[in-house]
file target19.cif (mmCIF, C-alpha atoms and all ligand atoms)
data_start
#
loop_
_atom_site.label_atom_id
_atom_site.label_comp_id
_atom_site.auth_asym_id
_atom_site.auth_seq_id
_atom_site.Cartn_x
_atom_site.Cartn_y
_atom_site.Cartn_z
CA MET A 27 35.98 53.12 -28.08
CA LYS A 28 33.97 51.28 -25.44
CA ARG A 29 36.22 48.85 -23.62
CA ALA A 30 35.23 46.41 -20.86
CA ILE A 31 37.17 43.95 -18.81
CA PHE A 32 35.73 40.50 -18.11
CA PRO A 33 37.53 39.44 -14.94
CA GLY A 34 37.56 36.01 -13.35
CA THR A 35 39.62 33.09 -12.20
CA PHE A 36 38.67 30.98 -15.23
CA ASP A 37 39.95 27.71 -13.77
CA PRO A 38 38.98 26.71 -16.45
CA PHE A 39 37.17 29.10 -18.86
CA THR A 40 33.83 27.43 -19.68
CA ILE A 41 31.22 27.70 -22.40
CA GLY A 42 29.20 29.80 -19.92
CA HIS A 43 32.01 32.38 -19.77
CA TYR A 44 32.38 32.18 -23.55
CA SER A 45 28.71 32.95 -24.10
CA ILE A 46 28.87 36.05 -21.87
CA VAL A 47 31.88 37.41 -23.79
CA LEU A 48 30.23 36.80 -27.18
CA ARG A 49 27.10 38.63 -26.04
CA GLY A 50 29.25 41.39 -24.55
CA LEU A 51 30.71 42.03 -28.00
CA SER A 52 27.34 43.41 -29.10
CA ILE A 53 27.65 46.06 -26.35
CA PHE A 54 31.40 46.80 -26.25
CA ASP A 55 33.98 47.45 -28.98
CA GLU A 56 36.65 45.53 -27.12
CA ILE A 57 36.71 43.10 -24.21
CA VAL A 58 39.86 42.39 -22.23
CA ILE A 59 39.50 39.09 -20.41
CA GLY A 60 41.45 39.45 -17.17
CA ILE A 61 42.65 36.30 -15.49
CA GLY A 62 43.03 36.99 -11.80
CA HIS A 63 46.31 35.51 -10.68
CA ASN A 64 46.72 35.26 -6.96
CA GLN A 65 49.91 33.45 -5.90
CA SER A 66 48.32 32.19 -2.69
CA LYS A 67 45.20 30.78 -4.41
CA LYS A 68 45.66 27.22 -5.60
CA THR A 69 44.25 26.54 -9.07
CA LEU A 70 44.05 23.34 -11.14
CA PHE A 71 45.24 25.05 -14.32
CA SER A 72 48.38 27.18 -14.49
CA ILE A 73 48.09 30.77 -15.57
CA GLU A 74 49.72 29.84 -18.91
CA LYS A 75 47.20 27.07 -19.55
CA ARG A 76 44.21 29.25 -18.58
CA MET A 77 45.46 31.90 -20.99
CA GLU A 78 45.98 29.36 -23.78
CA ILE A 79 42.40 28.03 -23.43
CA ILE A 80 40.99 31.55 -23.83
CA GLN A 81 43.30 32.32 -26.77
CA GLN A 82 42.12 29.15 -28.51
CA ALA A 83 38.48 30.08 -27.93
CA PHE A 84 38.86 33.56 -29.43
CA ALA A 85 41.53 32.89 -32.05
CA ASP A 86 39.29 34.43 -34.75
CA GLU A 87 38.03 37.38 -32.70
CA PRO A 88 40.48 40.33 -32.66
CA ARG A 89 38.17 42.37 -30.41
CA VAL A 90 38.83 40.00 -27.51
CA LYS A 91 42.18 40.24 -25.69
CA VAL A 92 43.43 38.28 -22.72
CA GLN A 93 45.78 39.33 -19.93
CA SER A 94 46.58 38.15 -16.44
CA TYR A 95 46.69 40.45 -13.43
CA ASP A 96 47.58 40.16 -9.77
CA SER A 97 46.15 43.45 -8.53
CA LEU A 98 42.70 44.58 -7.49
CA THR A 99 40.28 44.00 -10.35
CA ILE A 100 39.38 47.67 -10.47
CA ASP A 101 43.05 48.67 -10.76
CA PHE A 102 43.35 46.23 -13.65
CA ALA A 103 40.36 47.92 -15.34
CA LEU A 104 42.02 51.33 -15.00
CA SER A 105 45.37 50.01 -16.24
CA VAL A 106 43.83 48.91 -19.55
CA ASP A 107 41.65 52.05 -19.85
CA ALA A 108 38.38 50.16 -19.47
CA GLU A 109 35.30 52.08 -18.34
CA PHE A 110 33.21 48.97 -17.78
CA VAL A 111 33.37 45.64 -15.99
CA LEU A 112 31.40 42.81 -17.60
CA ARG A 113 30.09 39.99 -15.39
CA GLY A 114 27.68 37.10 -15.77
CA LEU A 115 24.91 36.27 -13.31
CA ARG A 116 23.80 32.66 -13.06
CA SER A 117 21.51 32.66 -10.08
CA VAL A 118 20.31 34.55 -7.06
CA GLY A 119 23.30 33.01 -5.30
CA ASP A 120 25.65 35.19 -7.38
CA PHE A 121 23.62 38.35 -6.83
CA GLU A 122 24.69 39.80 -3.47
CA TYR A 123 28.36 39.24 -4.14
CA GLU A 124 28.19 40.87 -7.55
CA ARG A 125 26.25 43.83 -6.25
CA THR A 126 28.70 44.50 -3.42
CA ILE A 127 31.70 44.45 -5.76
CA ALA A 128 29.92 46.51 -8.43
CA ASP A 129 28.87 49.20 -5.93
CA THR A 130 32.36 49.33 -4.42
CA ASN A 131 34.02 49.69 -7.81
CA ARG A 132 31.65 52.42 -8.95
CA LYS A 133 32.11 54.34 -5.70
CA LEU A 134 35.90 54.12 -5.95
CA THR A 135 36.37 54.97 -9.61
CA GLY A 136 33.10 55.56 -11.48
CA VAL A 137 33.67 52.36 -13.45
CA GLU A 138 30.27 50.79 -14.14
CA THR A 139 29.56 47.06 -14.04
CA VAL A 140 27.37 45.56 -16.74
CA ILE A 141 25.83 42.24 -15.76
CA LEU A 142 24.31 39.83 -18.25
CA PHE A 143 22.02 37.02 -17.16
CA THR A 144 23.37 33.66 -18.19
CA GLU A 145 21.57 31.82 -20.95
CA SER A 146 19.52 29.17 -19.17
CA GLU A 147 21.22 26.32 -21.02
CA TYR A 148 24.54 27.34 -19.38
CA SER A 149 23.37 28.46 -15.97
CA TYR A 150 24.36 25.21 -14.26
CA ILE A 151 27.89 25.22 -15.65
CA SER A 152 30.64 26.24 -13.27
CA SER A 153 34.41 25.99 -13.22
CA THR A 154 34.17 24.15 -9.90
CA VAL A 155 32.01 21.32 -11.23
CA THR A 156 34.14 21.16 -14.39
CA ARG A 157 37.27 20.67 -12.25
CA ASP A 158 35.56 17.96 -10.20
CA LEU A 159 34.61 16.08 -13.37
CA ILE A 160 38.17 16.38 -14.69
CA SER A 161 39.54 14.94 -11.46
CA TYR A 162 37.33 11.85 -12.02
CA GLY A 163 38.47 11.51 -15.61
CA LYS A 164 35.17 12.52 -17.24
CA ASP A 165 34.88 14.04 -20.70
CA ILE A 166 34.12 17.72 -20.16
CA SER A 167 34.38 18.91 -23.78
CA ALA A 168 30.69 19.95 -23.75
CA PHE A 169 31.48 22.38 -20.90
CA LEU A 170 34.27 24.12 -22.81
CA PRO A 171 34.01 26.70 -25.62
CA PRO A 172 34.03 25.33 -29.19
CA HIS A 173 37.48 24.50 -30.64
CA VAL A 174 39.09 24.27 -27.21
CA THR A 175 41.06 21.23 -26.13
CA ILE A 176 42.75 20.85 -22.78
P1 LIG B 1 35.30 34.64 -9.99
O1 LIG B 1 36.34 33.91 -9.21
O2 LIG B 1 35.59 36.10 -10.17
O3 LIG B 1 33.86 34.39 -9.58
P2 LIG B 1 34.79 32.97 -12.27
O4 LIG B 1 35.83 32.50 -13.21
O5 LIG B 1 34.12 31.92 -11.44
O6 LIG B 1 35.49 34.07 -11.43
O7 LIG B 1 33.63 33.76 -13.04
C1 LIG B 1 33.85 34.92 -13.79
C2 LIG B 1 32.52 35.54 -14.22
O8 LIG B 1 31.81 34.63 -15.05
C3 LIG B 1 31.55 35.84 -13.07
O9 LIG B 1 30.82 37.01 -13.39
C4 LIG B 1 30.65 34.65 -13.03
O10 LIG B 1 29.38 34.96 -12.46
C5 LIG B 1 30.52 34.39 -14.52
N1 LIG B 1 30.16 32.99 -14.80
C6 LIG B 1 30.64 31.87 -14.23
N2 LIG B 1 30.06 30.78 -14.74
C7 LIG B 1 29.17 31.22 -15.67
C8 LIG B 1 28.22 30.57 -16.53
N3 LIG B 1 28.04 29.26 -16.54
N4 LIG B 1 27.50 31.36 -17.35
C9 LIG B 1 27.66 32.70 -17.33
N5 LIG B 1 28.49 33.36 -16.52
C10 LIG B 1 29.25 32.64 -15.71
#
call {"tool": "encode", "arguments": {"input": "target19.cif", "output": "C-alpha cells"}}
result
Amino acid sequence: MKRAIFPGTFDPFTIGHYSIVLRGLSIFDEIVIGIGHNQSKKTLFSIEKRMEIIQQAFADEPRVKVQSYDSLTIDFALSVDAEFVLRGLRSVGDFEYERTIADTNRKLTGVETVILFTESEYSYISSTVTRDLISYGKDISAFLPPHVTI
C-alpha cells in the first residue's frame, strides 16, 4: 500500500489543491490530507471548517482521508505510516522552499517528497488571494473544488 500525506494550511482548500490530490491518486493508493494546525497561527477558517470543506470535496473518494495535526509535518507522515509527501509546485517562487523542506525530510527519515507541477489553469490560484476576495464579499466558488460550499 503506497500512502502519501498532502500537508498544508488549506485556509481554504482550493481547486488547485484538489487537482493535485486527484492527480496524486494515480500514483498513490491512499492520500491523507493533513491540515497543519498551529495554535499561534491565525487563520480565517477554523480547523473544523477547513476539514469540512475537504470532506465535502472528497465525499465520494474513499482513498482520500483528512486529519489535522499540530506536530512537525514529517512526524505526522510517520504517525500515519506514509512513505511519501505530496506537494504541488506553482511557480519558481515555490521551488526553493519546497526543496529545502523535501531535502530535510528525506535526510531525517528517508520519506520522499513527490512534487507535481500545477496545471497551468490553476497556477494563479492561492489560498491567500481567495481569502482576500472573501473579505471583500466576492464570489469565490470558481476557486473552490466542485460541490463545495462555504
Ligand atoms: P503551506 O502553508 O504548507 O504552503 P498551502 O495550503 O498553501 O500550505 O499549500 C499546500 C500545498 O499545495 C503546497 O504544496 C502548495 O504549493 C500547493 N498549492 C497551493 N496552491 C496550489 C495551486 N493553486 N495549485 C497546485 N498546488 C497548490
call {"tool": "residues_near_point", "arguments": {"input": "target19.cif", "point": "(35.6, 27.3, -11.3)", "cutoff": "10 Å", "atoms": "all atoms listed in the file", "output": "list in words"}}
result
Gly34, Thr35, Phe36, Asp37, Pro38, Phe39, Thr40, Thr69, Leu70, Ile151, Ser152, Ser153, Thr154, Val155, Thr156, Arg157 and Asp158 of chain A
call {"tool": "closest_residue", "arguments": {"input": "target19.cif", "among": "A:Ile73, A:Ile141, A:Leu104, A:Ile80", "to": "ligand LIG 1 (chain B)", "atoms": "all atoms listed in the file"}}
result
A:Ile141
call {"tool": "residues_around", "arguments": {"input": "target19.cif", "residues": "segment 129-138 of chain A", "least_positions_apart": "2", "cutoff": "9 Å", "atoms": "all atoms listed in the file", "output": "count of residues only"}}
result
14
call {"tool": "residues_near_ligand", "arguments": {"input": "target19.cif", "ligand": "ligand LIG 1 (chain B)", "cutoff": "6 Å", "atoms": "all atoms listed in the file", "output": "list in words"}}
result
Pro33, Gly34, Thr35, Phe36, Gly42, His43, Ile46, Arg113, Gly114, Leu115, Arg116, Thr144, Tyr148, Ser149, Tyr150, Ile151 and Ser152 of chain A
call {"tool": "atom_distance", "arguments": {"input": "target19.cif", "atom1": "atom CA of His63 of chain A", "atom2": "atom CA of Glu87 of chain A"}}
result
23.6 Å
call {"tool": "closest_residue", "arguments": {"input": "target19.cif", "among": "A:Phe32, A:Leu159, A:Lys91, A:Val118", "to": "Val47 of chain A", "atoms": "all atoms listed in the file"}}
result
A:Phe32
call {"tool": "closest_residue", "arguments": {"input": "target19.cif", "among": "A:Ser167, A:Phe84, A:Asp107, A:Ser117", "to": "Glu145 of chain A", "atoms": "all atoms listed in the file"}}
result
A:Ser117
call {"tool": "closest_residue", "arguments": {"input": "target19.cif", "among": "A:Arg49, A:Tyr162, A:Gly60, A:Tyr44", "to": "Asp101 of chain A", "atoms": "only C-alpha atoms"}}
result
A:Gly60
call {"tool": "build_atoms", "arguments": {"input": "target19.cif", "residues": "segment 62-74 of chain A", "atoms": "N, CA and C atoms", "output": "PDB file, keeping the file's coordinate frame"}}
result
ATOM      1  N   GLY A  62      42.509  36.657 -13.120  1.00  0.00           N
ATOM      2  CA  GLY A  62      43.030  36.990 -11.800  1.00  0.00           C
ATOM      3  C   GLY A  62      44.034  35.935 -11.359  1.00  0.00           C
ATOM      4  N   HIS A  63      45.197  36.412 -10.940  1.00  0.00           N
ATOM      5  CA  HIS A  63      46.310  35.510 -10.680  1.00  0.00           C
ATOM      6  C   HIS A  63      46.823  35.819  -9.287  1.00  0.00           C
ATOM      7  N   ASN A  64      46.346  35.016  -8.344  1.00  0.00           N
ATOM      8  CA  ASN A  64      46.720  35.260  -6.960  1.00  0.00           C
ATOM      9  C   ASN A  64      47.631  34.112  -6.512  1.00  0.00           C
ATOM     10  N   GLN A  65      48.884  34.471  -6.209  1.00  0.00           N
ATOM     11  CA  GLN A  65      49.910  33.450  -5.900  1.00  0.00           C
ATOM     12  C   GLN A  65      49.444  32.488  -4.797  1.00  0.00           C
ATOM     13  N   SER A  66      48.672  33.025  -3.844  1.00  0.00           N
ATOM     14  CA  SER A  66      48.320  32.190  -2.690  1.00  0.00           C
ATOM     15  C   SER A  66      47.091  31.320  -2.981  1.00  0.00           C
ATOM     16  N   LYS A  67      46.402  31.574  -4.107  1.00  0.00           N
ATOM     17  CA  LYS A  67      45.200  30.780  -4.410  1.00  0.00           C
ATOM     18  C   LYS A  67      45.571  29.620  -5.326  1.00  0.00           C
ATOM     19  N   LYS A  68      45.293  28.421  -4.842  1.00  0.00           N
ATOM     20  CA  LYS A  68      45.660  27.220  -5.600  1.00  0.00           C
ATOM     21  C   LYS A  68      44.654  26.996  -6.727  1.00  0.00           C
ATOM     22  N   THR A  69      45.154  26.815  -7.950  1.00  0.00           N
ATOM     23  CA  THR A  69      44.250  26.540  -9.070  1.00  0.00           C
ATOM     24  C   THR A  69      44.664  25.212  -9.721  1.00  0.00           C
ATOM     25  N   LEU A  70      43.714  24.586 -10.431  1.00  0.00           N
ATOM     26  CA  LEU A  70      44.050  23.340 -11.140  1.00  0.00           C
ATOM     27  C   LEU A  70      44.906  23.659 -12.358  1.00  0.00           C
ATOM     28  N   PHE A  71      44.521  24.695 -13.097  1.00  0.00           N
ATOM     29  CA  PHE A  71      45.240  25.050 -14.320  1.00  0.00           C
ATOM     30  C   PHE A  71      46.210  26.201 -14.060  1.00  0.00           C
ATOM     31  N   SER A  72      47.400  26.106 -14.647  1.00  0.00           N
ATOM     32  CA  SER A  72      48.380  27.180 -14.490  1.00  0.00           C
ATOM     33  C   SER A  72      47.879  28.427 -15.214  1.00  0.00           C
ATOM     34  N   ILE A  73      48.486  29.531 -14.910  1.00  0.00           N
ATOM     35  CA  ILE A  73      48.090  30.770 -15.570  1.00  0.00           C
ATOM     36  C   ILE A  73      48.335  30.665 -17.090  1.00  0.00           C
ATOM     37  N   GLU A  74      49.414  29.989 -17.475  1.00  0.00           N
ATOM     38  CA  GLU A  74      49.720  29.840 -18.910  1.00  0.00           C
ATOM     39  C   GLU A  74      48.630  29.017 -19.609  1.00  0.00           C
TER      40      GLU A  74
END
